[in-house]
Every structure is written in structure tokens, then in C-alpha cells.
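Undergrad: Provided herewith is a single structure, encoded as C-alpha cells, for subsequent inquiry.
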2 protein chains.
Amino acid sequence: MSSHFLGQSVKLENVYIASTGTTCGPLEYAGPLGSCFDKFFDDYHCGESSFEKAERKMLRDALDICLKREQMKYKDVELYIGGDLMNQITNVHYLAREIPKPFVGIYGACSSFCLSMGVASLMIEGGFIDNAISLVSSHNATAERQYRYPVEYGVQKKSTTTFTATGAVATLLTSQPTNVRIEAVTFGKVIDYSQEDPNDMGRAMAPAAYDTILSHFQDLKRSFKDYDLVVTGDLSTYGHKILKEMLQRHHIDVVHYNDCGCMLYDINKQEVFQGGSGCACSALVTMGHLYPLLKEKKYKRVLVVATGALLSPMMSAQKESIPCVAHAISLEVV
Amino acid sequence: MSSHFLGQSVKLENVYIASTGTTCGPLEYAGPLGSCFDKFFDDYHCGESSFEKAERKMLRDALDICLKREQMKYKDVELYIGGDLMNQITNVHYLAREIPKPFVGIYGACSSFCLSMGVASLMIEGGFIDNAISLVSSHNATAERQYRYPVEYGVQKKSTTTFTATGAVATLLTSQPTNVRIEAVTFGKVIDYSQEDPNDMGRAMAPAAYDTILSHFQDLKRSFKDYDLVVTGDLSTYGHKILKEMLQRHHIDVVHYNDCGCMLYDINKQEVFQGGSGCACSALVTMGHLYPLLKEKKYKRVLVVATGALLSPMMSAQKESIPCVAHAISLEVV
């Protein structure tokens, strides 16, 4: 019998990580976690004729690496769940043409990693499927030209900006025990604190991360001390500080906390403004860096709170503020 | 204990429809099913300052009507799942700012109705939640200017075009028995038959509908005869004919089959080209028209196969073909 939602969270008993595949771009490879990733591309085109095709190539390679590790083929996976930042979620959907299995498209902006992992986990925990693939990607050049301006324009950036990570991550979840499991999932509410500046996403997303972390702790009667590490998705330096202040103002002891956007790059040396963002940011840090540390038992339990800003350029043009969401998964050594 | 996937399908035991709310625009109200819908707007702005805000108003009204029928408030629903056609799925997400509960964003283009109903159904069947709201919308003017040209331009249309329906539908699903249930769900594969013309979506989507209908029948050992009615989402006249031919070529006896895009409008009298499309098309026909007929026991079992074309204007500009998907739900009188 599956557990019922406790508030916004579910405790899981039967969901394990079997394998992963991670691909990244040149800046992610040059960053402090570069050696963690399975494959890197030294240019943004990845040998393809458009940035969009490049992102799709990174996705395909991540999926192939993930399945090859388990000697599995596309058809051996029961369900694929994924999303990316492109309008109409075209990267995962165009790749899905090559996949002969059902595909569920999700969208939570940069929180899509935890959203897809969360939905896939419930499908396994519910006994509907024995395995699933979560697929997410982002690409700096595709995201820049869609949300802001093509990188070729060389538009000056505001200092509050974050840098969309280039990378793709496939994760195979299964009901068969392995050494790392997803032990809890928390689905986030959409939160809007009336922040309107699309060049300052960390500030907009911090309240959503705050809400999800608090809900997770309340639902499961936990605190930061119950985790060896809590990471947010892509608040980066400003948002990360704001979140810490929000938590401390509510007398919450913030320990073992970091942000994937601050971990993926060397913020002092690499030109990434306030740090990394994008679906690939939390996904690369979690599956490339944290998952191996869990496998080696260097961490016992880690909470990943992927954050997403749900704006669109049209909504910003219509002077709307930025609604945000954060979804969380808790990974634990078995 | 929940059922396991049979191929792409799941049989359900514990998922019921408790309530619905349907809102529509002027052309849908003037159509043959107009009197079925809870509320209509006689202009495309719905009293708002932009078409996007108008779509959001239709969504909010649909949700309010749905919950009012059950004397419930936003906070009484455990989980909201929804999507729309706007880039970054902004209509449902911007509405979700007003909802103090977790929100799962999905995207399957015009198949989003069955996708959100399917995912919500599994969450209830799995025992994770006792109720959920599925939320979908589309608006002719918001979709036209995003995918094609602003309606104000008065661009000439190809005769193969379909007309995006204006409307919103909220559906409350629950584990508490009512007189109509979701008895099966089939999740679709992404199918691409190399059709490249974004003005001829029915033709592109027919193979995806074909694949999902066949999978559904094979998985559950059924045929058209097991349903009082089978409807596709928005293939409209051309796609509807193509699907019929594809099925008949494979010696499948096609009976009790219709397409929501052909049912929502009077195609001979209303200016909708080949018929309706959009997330609201299958949702309005299903929840406004078919659900009451099921409640009155005029139908015993109906299969709804919502179809979606997963293209984006950028992919069309890059000369890519149109991947499509179809997700199905089977509604049955208890």
C-alpha cells in the first residue's frame, strides 16, 4: 500500500536510482565539478547545425550513456517523463520520436528535474511501472535567444543575472533495490512575491524554495540537521542569501546548505554572473556530483530542491510578475 | 494494490469524476454543443485587457464553477495538475499563484486534457491523494498570435487549418465513488510521420491517434465495439478521415467513432476551416457534452483520445517535421 500525501510530501519505500547519464558544455566541464560528468562538448553546437539540435544531441547522449550502463535499450524502459526550457518543450519531445515507449511531458521551468523525478517516483511507488526514465536538459544559447536575446548579439547583462547551464541528464528509476533510493518527494506550490525583473531570477525563486523546504520539514517532521546536505536548484548567490535570511528570520537553523547554481561553476573565476541556472543545473549537480557521493556513502541523505521561474517573455512584456515553484526530492543511501 | 501497466495502459478501480466546470468563447457557444457549457463569454477579451488575461479568467471561472458545485474551496483539493498551449504554460501557472496547493505542470499540446487527467488518475489510484483537479485551457487569439500570426493581421488561412477552441475546463477527480469513473488510461508514444506543414495538424496527428487507439485495444483486449463512443481530440475533418482509413486498412471495424473537433462546431456553417483544435476542444466536448450523457446513462463507456502536435514555430522554421502524441482515458458509468 502506498503512502498518502502528508501535506505536499510523500514518503516512498520502493523507488531506487539504477543509473544516470550526464552530458555538459564547455563551461560546466571547466567548472569545479567538470570531472564528474560522463561526457562534455567543447563547443555549443556539439557538431550540429543549430543550438536546438545540439541540446537534443546532449539529451540523446545522456540517455544512451544512462541505459548502456544497465545494458538496456530504449524499449526496456516502461515510461519516459521529461521536460526542458524550450517553448513547447521541444527538445525532449523531438528526441522522444526515437523512443518507442509512452512519453509524459512536464514543465516546471528549471524545477523540471525534480518534477519529472517526483512524478516518475510516484508511478513506480504506486506499482504502475517497474522503471522510468527522467529526462531534462538546458542549453545556454537556446535559452538566451528564447528568453532574452541571441548570444550573438552580445547584449550587456545585469549583474543580478544567472547563467543557464548547458547540459542534459537522464536518470533511470526502478523498483529494484540499488544502493541509493528516493525516499521522499515534495511537490511545490506556485509562489509569487511580485518580483518583476526577469534578470533577477534568484530573488524571485527564493520564496518558492523557502515554501517548499518549510513544507517538506513540516510534512516529514524534519530539519536541516536530518540531511548531510540540502541544495536548492538555481538561486545562485543573491537568491541563496535571500533564502538563508528568510529561513533564519523564522528561527530555522540553516546548516549543510548550498545552491547548485553556486556549485556548478567557480563564480569568482568563470563569467557566469551570479551562478548557474536552467534545468541542467540542479540535474547535473545532483546526478553528476551528489549521486556518486551517496553511492560511496560519503553522504547518507541529501535533499534537492529544484527551483523554477514560470515566467515567459510575453508575461514580462505585459508587466506581470514572476510566479515560481520548487519541487524537492530526498535521496538516501540504502 | 494498484494495477501494473499493460503495455501503455492501466486499468483503474478507484478514480471517479466528482465535478466539472466548463467555460467557452462566442463561437463554441454558438456551436451545436453551446448549451452544454456552464458559462460563455461573448467576446474574446472576457472583459480583460489582454487575450492572455482573458484565457486566465476563463480558467479561473471554470475552476470556481467546478469547486462550487461540490461546495469546496481551492485549499480542499490536494493536488492540481494542468497545462495549456502558451509558451512556458503561463495560463495555468499564473492562475496557480492563487492556489495554495501543490501544482504539477504538464505539457502535451492539445492532448494536455487527457495527459493531466491520466496523471491525476494514477496519483489517486496509487493512494497518494484522495482528490485532484485537472485544469486545461486554450484561446483562439492567444494561440494564433503565438503559433501563427495575431488575429488582428487577418492573415489568409489554408483550407487544411483547424481553429483553436476558446475555453477552459476544470475537472475534479476523487477516490470517493460517484456515478462516472475513469476506468482506464493509455499514455501515448511520440509519433512522427514526417508531416511538415503546421497548417495541417490533423494529418500530422492521425498516426499518433492510431497508435494510441491500437495500443489501448491491444493492452485491454478491446475493440471499438466495447465503447458506445470513441472520440479523438482534434483531428477534425481531414485527420478524422485519415485515421479511419488507417484503421480500416488494418482491418479494424470502426464504429461509434467521432472527433471532438468535428463535434464542437457546425463545420458547414461556422468559419472554423476543418474544425476545432486546442486543449479546450477535447476537454469541452468530453466534460461539457459526454460526461452529462454518461451521468444520464445514455452512454455506458466512452473512450477519449486527446491528440497533440508537439511542434513549435522555431522547429517549423528549422524545417523540422511535427512529432505528435495522443493520450487516452476511458470513462464509464458506475
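Simple scheme: letters A, B, ... for chains in C-alpha cells order, numbers from 1 for residues in each chain, numbers from 1 for ligands in the order shown.
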Mind listing as a PyMOL selection string which residues of chain A are within 7 Å of chain B, counting only C-alpha atoms?
TA: chain A and resi 1-5+8+87-88+90+93-94+96-97+100-103+105-108+126-129+187-192+310-312+323
Undergrad: Run DSSP on the backbone and grab whatever in stretch 101-155 of chain A lands in helix (DSSP H, G or I); send it over as a list in words.
TA: Ser112, Phe113, Cys114, Leu115, Ser116, Met117, Gly118, Val119, Ala120, Ser121, Leu122, Met123, Ile124, Glu125, Asn140, Ala141, Thr142, Ala143, Glu144, Arg145, Gln146, Tyr147, Val151, Glu152 and Tyr153 of chain A
Undergrad: Run DSSP on the backbone of this structure and report the residues of stretch 33-175 of chain B it assigns to strand (DSSP E), as a PyMOL selection string.
TA: chain B and resi 39-40+79-84+103-105+131-138+163-164+167-174
Undergrad: Which residues are close to stretch 257-269 of chain B, i.e. within 7 Å by only C-alpha atoms, leaving aside same-chain residues fewer than 4 positions away? Reply as a list in words.
TA: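 So, after excluding close chain neighbours, the residues are Glu28, Gly31, Pro32, Leu33, Leu229, Val230, Val231, Thr232, Gly233, Asp234, Leu235, Ser236, Thr237, His240, Gln274, Gly275, Gly276, Ser277, Cys281, Ser282 and Val285 of chain B.
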Undergrad: For the residues selected in the previous step, produce a file with all heavy atoms as a compact mmCIF listing (two decimals), in the first residue's frame.
TA:
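Okay, result.txt is ready:
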```txt
# COMPACT_ATOMS: atom_id res chain seq x y z
N GLU B 28 -17.88 28.78 -29.66
CA GLU B 28 -18.19 27.49 -29.05
C GLU B 28 -19.62 27.51 -28.52
O GLU B 28 -20.33 26.50 -28.58
CB GLU B 28 -17.20 27.18 -27.91
CG GLU B 28 -15.76 26.98 -28.35
CD GLU B 28 -15.09 28.25 -28.86
OE1 GLU B 28 -15.48 29.35 -28.42
OE2 GLU B 28 -14.19 28.15 -29.72
N GLY B 31 -22.04 27.07 -31.29
CA GLY B 31 -21.97 25.75 -31.93
C GLY B 31 -23.04 24.80 -31.42
O GLY B 31 -23.82 25.15 -30.51
N PRO B 32 -23.09 23.60 -31.98
CA PRO B 32 -24.14 22.64 -31.64
C PRO B 32 -24.14 22.20 -30.17
O PRO B 32 -25.17 21.73 -29.67
CB PRO B 32 -23.86 21.45 -32.56
CG PRO B 32 -22.47 21.63 -33.08
CD PRO B 32 -22.20 23.10 -33.05
N LEU B 33 -23.00 22.36 -29.46
CA LEU B 33 -22.94 21.94 -28.05
C LEU B 33 -23.01 23.13 -27.10
O LEU B 33 -22.84 22.97 -25.88
CB LEU B 33 -21.66 21.15 -27.79
CG LEU B 33 -21.36 19.95 -28.70
CD1 LEU B 33 -20.07 19.27 -28.27
CD2 LEU B 33 -22.51 18.96 -28.70
N LEU B 229 -18.97 5.11 -27.64
CA LEU B 229 -18.42 6.17 -28.47
C LEU B 229 -16.91 6.24 -28.24
O LEU B 229 -16.45 6.10 -27.11
CB LEU B 229 -19.05 7.53 -28.10
CG LEU B 229 -18.64 8.73 -28.96
CD1 LEU B 229 -19.17 8.60 -30.39
CD2 LEU B 229 -19.16 10.04 -28.35
N VAL B 230 -16.18 6.42 -29.34
CA VAL B 230 -14.74 6.72 -29.26
C VAL B 230 -14.57 8.08 -29.91
O VAL B 230 -15.02 8.29 -31.04
CB VAL B 230 -13.90 5.66 -30.00
CG1 VAL B 230 -12.42 6.06 -30.00
CG2 VAL B 230 -14.08 4.28 -29.38
N VAL B 231 -13.97 9.03 -29.18
CA VAL B 231 -13.70 10.33 -29.80
C VAL B 231 -12.20 10.61 -29.79
O VAL B 231 -11.52 10.31 -28.82
CB VAL B 231 -14.42 11.51 -29.10
CG1 VAL B 231 -15.93 11.45 -29.32
CG2 VAL B 231 -14.09 11.59 -27.62
N THR B 232 -11.71 11.17 -30.89
CA THR B 232 -10.35 11.72 -30.91
C THR B 232 -10.45 13.20 -30.56
O THR B 232 -11.53 13.79 -30.60
CB THR B 232 -9.70 11.52 -32.28
OG1 THR B 232 -10.66 11.80 -33.30
CG2 THR B 232 -9.21 10.10 -32.43
N GLY B 233 -9.29 13.79 -30.22
CA GLY B 233 -9.31 15.14 -29.67
C GLY B 233 -9.59 16.22 -30.69
O GLY B 233 -10.60 16.93 -30.63
N ASP B 234 -8.70 16.36 -31.65
CA ASP B 234 -8.86 17.47 -32.58
C ASP B 234 -8.22 17.17 -33.93
O ASP B 234 -7.44 17.96 -34.46
CB ASP B 234 -8.32 18.77 -31.99
CG ASP B 234 -6.90 18.66 -31.46
OD1 ASP B 234 -6.34 17.55 -31.48
OD2 ASP B 234 -6.35 19.68 -31.05
N LEU B 235 -8.57 16.00 -34.48
CA LEU B 235 -8.08 15.66 -35.82
C LEU B 235 -8.88 16.43 -36.88
O LEU B 235 -8.38 16.70 -37.96
CB LEU B 235 -8.23 14.16 -36.07
CG LEU B 235 -7.48 13.24 -35.12
CD1 LEU B 235 -7.68 11.78 -35.53
CD2 LEU B 235 -5.99 13.57 -35.09
N SER B 236 -10.13 16.74 -36.56
CA SER B 236 -11.03 17.44 -37.48
C SER B 236 -11.21 16.67 -38.78
O SER B 236 -10.77 15.53 -38.89
CB SER B 236 -10.56 18.86 -37.68
OG SER B 236 -10.80 19.56 -36.47
N THR B 237 -11.86 17.29 -39.77
CA THR B 237 -12.34 16.50 -40.92
C THR B 237 -11.25 15.70 -41.64
O THR B 237 -11.41 14.50 -41.85
CB THR B 237 -13.08 17.39 -41.93
OG1 THR B 237 -12.27 18.51 -42.20
CG2 THR B 237 -14.41 17.86 -41.40
N HIS B 240 -9.47 13.07 -39.22
CA HIS B 240 -10.50 12.13 -38.85
C HIS B 240 -10.68 11.08 -39.96
O HIS B 240 -10.72 9.86 -39.72
CB HIS B 240 -11.76 12.99 -38.64
CG HIS B 240 -13.05 12.30 -38.46
ND1 HIS B 240 -14.01 12.32 -39.44
CD2 HIS B 240 -13.56 11.61 -37.42
CE1 HIS B 240 -15.07 11.65 -39.00
NE2 HIS B 240 -14.82 11.21 -37.79
N GLN B 274 -11.29 23.26 -40.94
CA GLN B 274 -11.55 21.82 -40.83
C GLN B 274 -12.17 21.42 -39.49
O GLN B 274 -12.45 20.24 -39.27
CB GLN B 274 -10.26 21.03 -41.05
CG GLN B 274 -9.68 21.19 -42.46
CD GLN B 274 -10.70 20.90 -43.54
OE1 GLN B 274 -11.45 19.93 -43.44
NE2 GLN B 274 -10.75 21.74 -44.56
N GLY B 275 -12.33 22.38 -38.58
CA GLY B 275 -12.92 22.06 -37.28
C GLY B 275 -12.07 22.55 -36.13
O GLY B 275 -11.08 23.26 -36.33
N GLY B 276 -12.45 22.16 -34.93
CA GLY B 276 -11.79 22.67 -33.73
C GLY B 276 -10.50 21.96 -33.37
O GLY B 276 -10.29 20.81 -33.74
N SER B 277 -9.65 22.68 -32.62
CA SER B 277 -8.45 22.08 -32.04
C SER B 277 -8.17 22.80 -30.72
O SER B 277 -8.99 23.58 -30.25
CB SER B 277 -7.27 22.19 -33.01
OG SER B 277 -7.02 23.54 -33.32
N CYS B 281 -10.69 21.90 -26.83
CA CYS B 281 -11.60 21.21 -27.74
C CYS B 281 -12.05 19.86 -27.17
O CYS B 281 -13.23 19.65 -26.91
CB CYS B 281 -10.91 21.06 -29.11
SG CYS B 281 -11.94 20.26 -30.34
N SER B 282 -11.10 18.96 -26.93
CA SER B 282 -11.49 17.65 -26.38
C SER B 282 -12.02 17.79 -24.96
O SER B 282 -12.92 17.04 -24.55
CB SER B 282 -10.30 16.68 -26.40
OG SER B 282 -9.21 17.20 -25.70
N VAL B 285 -15.76 19.12 -25.12
CA VAL B 285 -16.68 18.10 -25.63
C VAL B 285 -16.84 16.97 -24.59
O VAL B 285 -17.95 16.52 -24.32
CB VAL B 285 -16.19 17.55 -26.99
CG1 VAL B 285 -17.02 16.35 -27.42
CG2 VAL B 285 -16.24 18.64 -28.06
```
Undergrad: Rounded to one decimal in Å, what is the spacing between atom CA of B:Ala306 and atom CA of B:Gln248?
TA: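 Separating atom CA of B:Ala306 from atom CA of B:Gln248 is a distance of 20.2 Å.
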Undergrad: Can you tell me, as a list in words, what residues are no more than 6 Å from A:Thr23 when counting only C-alpha atoms, ignoring any on the same chain fewer than 5 positions away?
TA: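 With the cut-off at 6 Å, the set is Asp38, Lys39, Phe40, Met58, Ala62, Gly167 and Ala168 of chain A.
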Undergrad: Generate a file of the selected residues that holds all heavy atoms, formatted as a JSON list (two decimals), in the first residue's frame.
TA:
```
[["chain", "number", "residue", "atom", "x", "y", "z"],
["A", 38, "ASP", "N", 29.74, 12.61, -17.40],
["A", 38, "ASP", "CA", 30.09, 11.50, -18.27],
["A", 38, "ASP", "C", 30.68, 11.94, -19.59],
["A", 38, "ASP", "O", 31.53, 11.27, -20.15],
["A", 38, "ASP", "CB", 28.84, 10.64, -18.54],
["A", 38, "ASP", "CG", 28.35, 9.95, -17.28],
["A", 38, "ASP", "OD1", 29.21, 9.42, -16.54],
["A", 38, "ASP", "OD2", 27.14, 9.96, -17.03],
["A", 39, "LYS", "N", 30.19, 13.04, -20.13],
["A", 39, "LYS", "CA", 30.65, 13.47, -21.45],
["A", 39, "LYS", "C", 30.54, 14.98, -21.54],
["A", 39, "LYS", "O", 29.59, 15.56, -21.00],
["A", 39, "LYS", "CB", 29.76, 12.83, -22.53],
["A", 39, "LYS", "CG", 30.18, 13.15, -23.96],
["A", 39, "LYS", "CD", 29.41, 12.32, -24.98],
["A", 39, "LYS", "CE", 29.84, 12.68, -26.39],
["A", 39, "LYS", "NZ", 29.18, 11.84, -27.40],
["A", 40, "PHE", "N", 31.53, 15.62, -22.19],
["A", 40, "PHE", "CA", 31.39, 17.06, -22.37],
["A", 40, "PHE", "C", 31.61, 17.41, -23.83],
["A", 40, "PHE", "O", 32.23, 16.66, -24.58],
["A", 40, "PHE", "CB", 32.36, 17.83, -21.47],
["A", 40, "PHE", "CG", 33.75, 17.93, -22.03],
["A", 40, "PHE", "CD1", 34.19, 19.09, -22.66],
["A", 40, "PHE", "CD2", 34.63, 16.86, -21.93],
["A", 40, "PHE", "CE1", 35.47, 19.18, -23.19],
["A", 40, "PHE", "CE2", 35.91, 16.94, -22.45],
["A", 40, "PHE", "CZ", 36.34, 18.10, -23.09],
["A", 58, "MET", "N", 22.87, 16.38, -26.82],
["A", 58, "MET", "CA", 23.31, 16.18, -25.43],
["A", 58, "MET", "C", 22.33, 15.28, -24.69],
["A", 58, "MET", "O", 22.73, 14.43, -23.90],
["A", 58, "MET", "CB", 23.42, 17.52, -24.71],
["A", 58, "MET", "CG", 24.58, 18.38, -25.19],
["A", 58, "MET", "SD", 24.96, 19.71, -24.02],
["A", 58, "MET", "CE", 23.35, 20.42, -23.82],
["A", 62, "ALA", "N", 23.09, 11.61, -23.18],
["A", 62, "ALA", "CA", 22.86, 11.35, -21.75],
["A", 62, "ALA", "C", 22.00, 10.10, -21.58],
["A", 62, "ALA", "O", 22.28, 9.22, -20.75],
["A", 62, "ALA", "CB", 22.18, 12.55, -21.09],
["A", 167, "GLY", "N", 23.62, 21.42, -20.57],
["A", 167, "GLY", "CA", 23.81, 20.03, -20.20],
["A", 167, "GLY", "C", 22.51, 19.25, -20.27],
["A", 167, "GLY", "O", 21.43, 19.84, -20.48],
["A", 168, "ALA", "N", 22.61, 17.96, -20.15],
["A", 168, "ALA", "CA", 21.44, 17.09, -20.16],
["A", 168, "ALA", "C", 21.68, 15.94, -19.20],
["A", 168, "ALA", "O", 22.81, 15.49, -19.03],
["A", 168, "ALA", "CB", 21.18, 16.56, -21.57]]
```
Undergrad: Would you mind telling me which residue in B:Ala328, B:Thr161, B:Gln176, B:Arg145 lies nearest to B:Tyr210 when using only C-alpha atoms?
TA: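 Looking at the shortest contact to B:Tyr210, the residue is B:Ala328.
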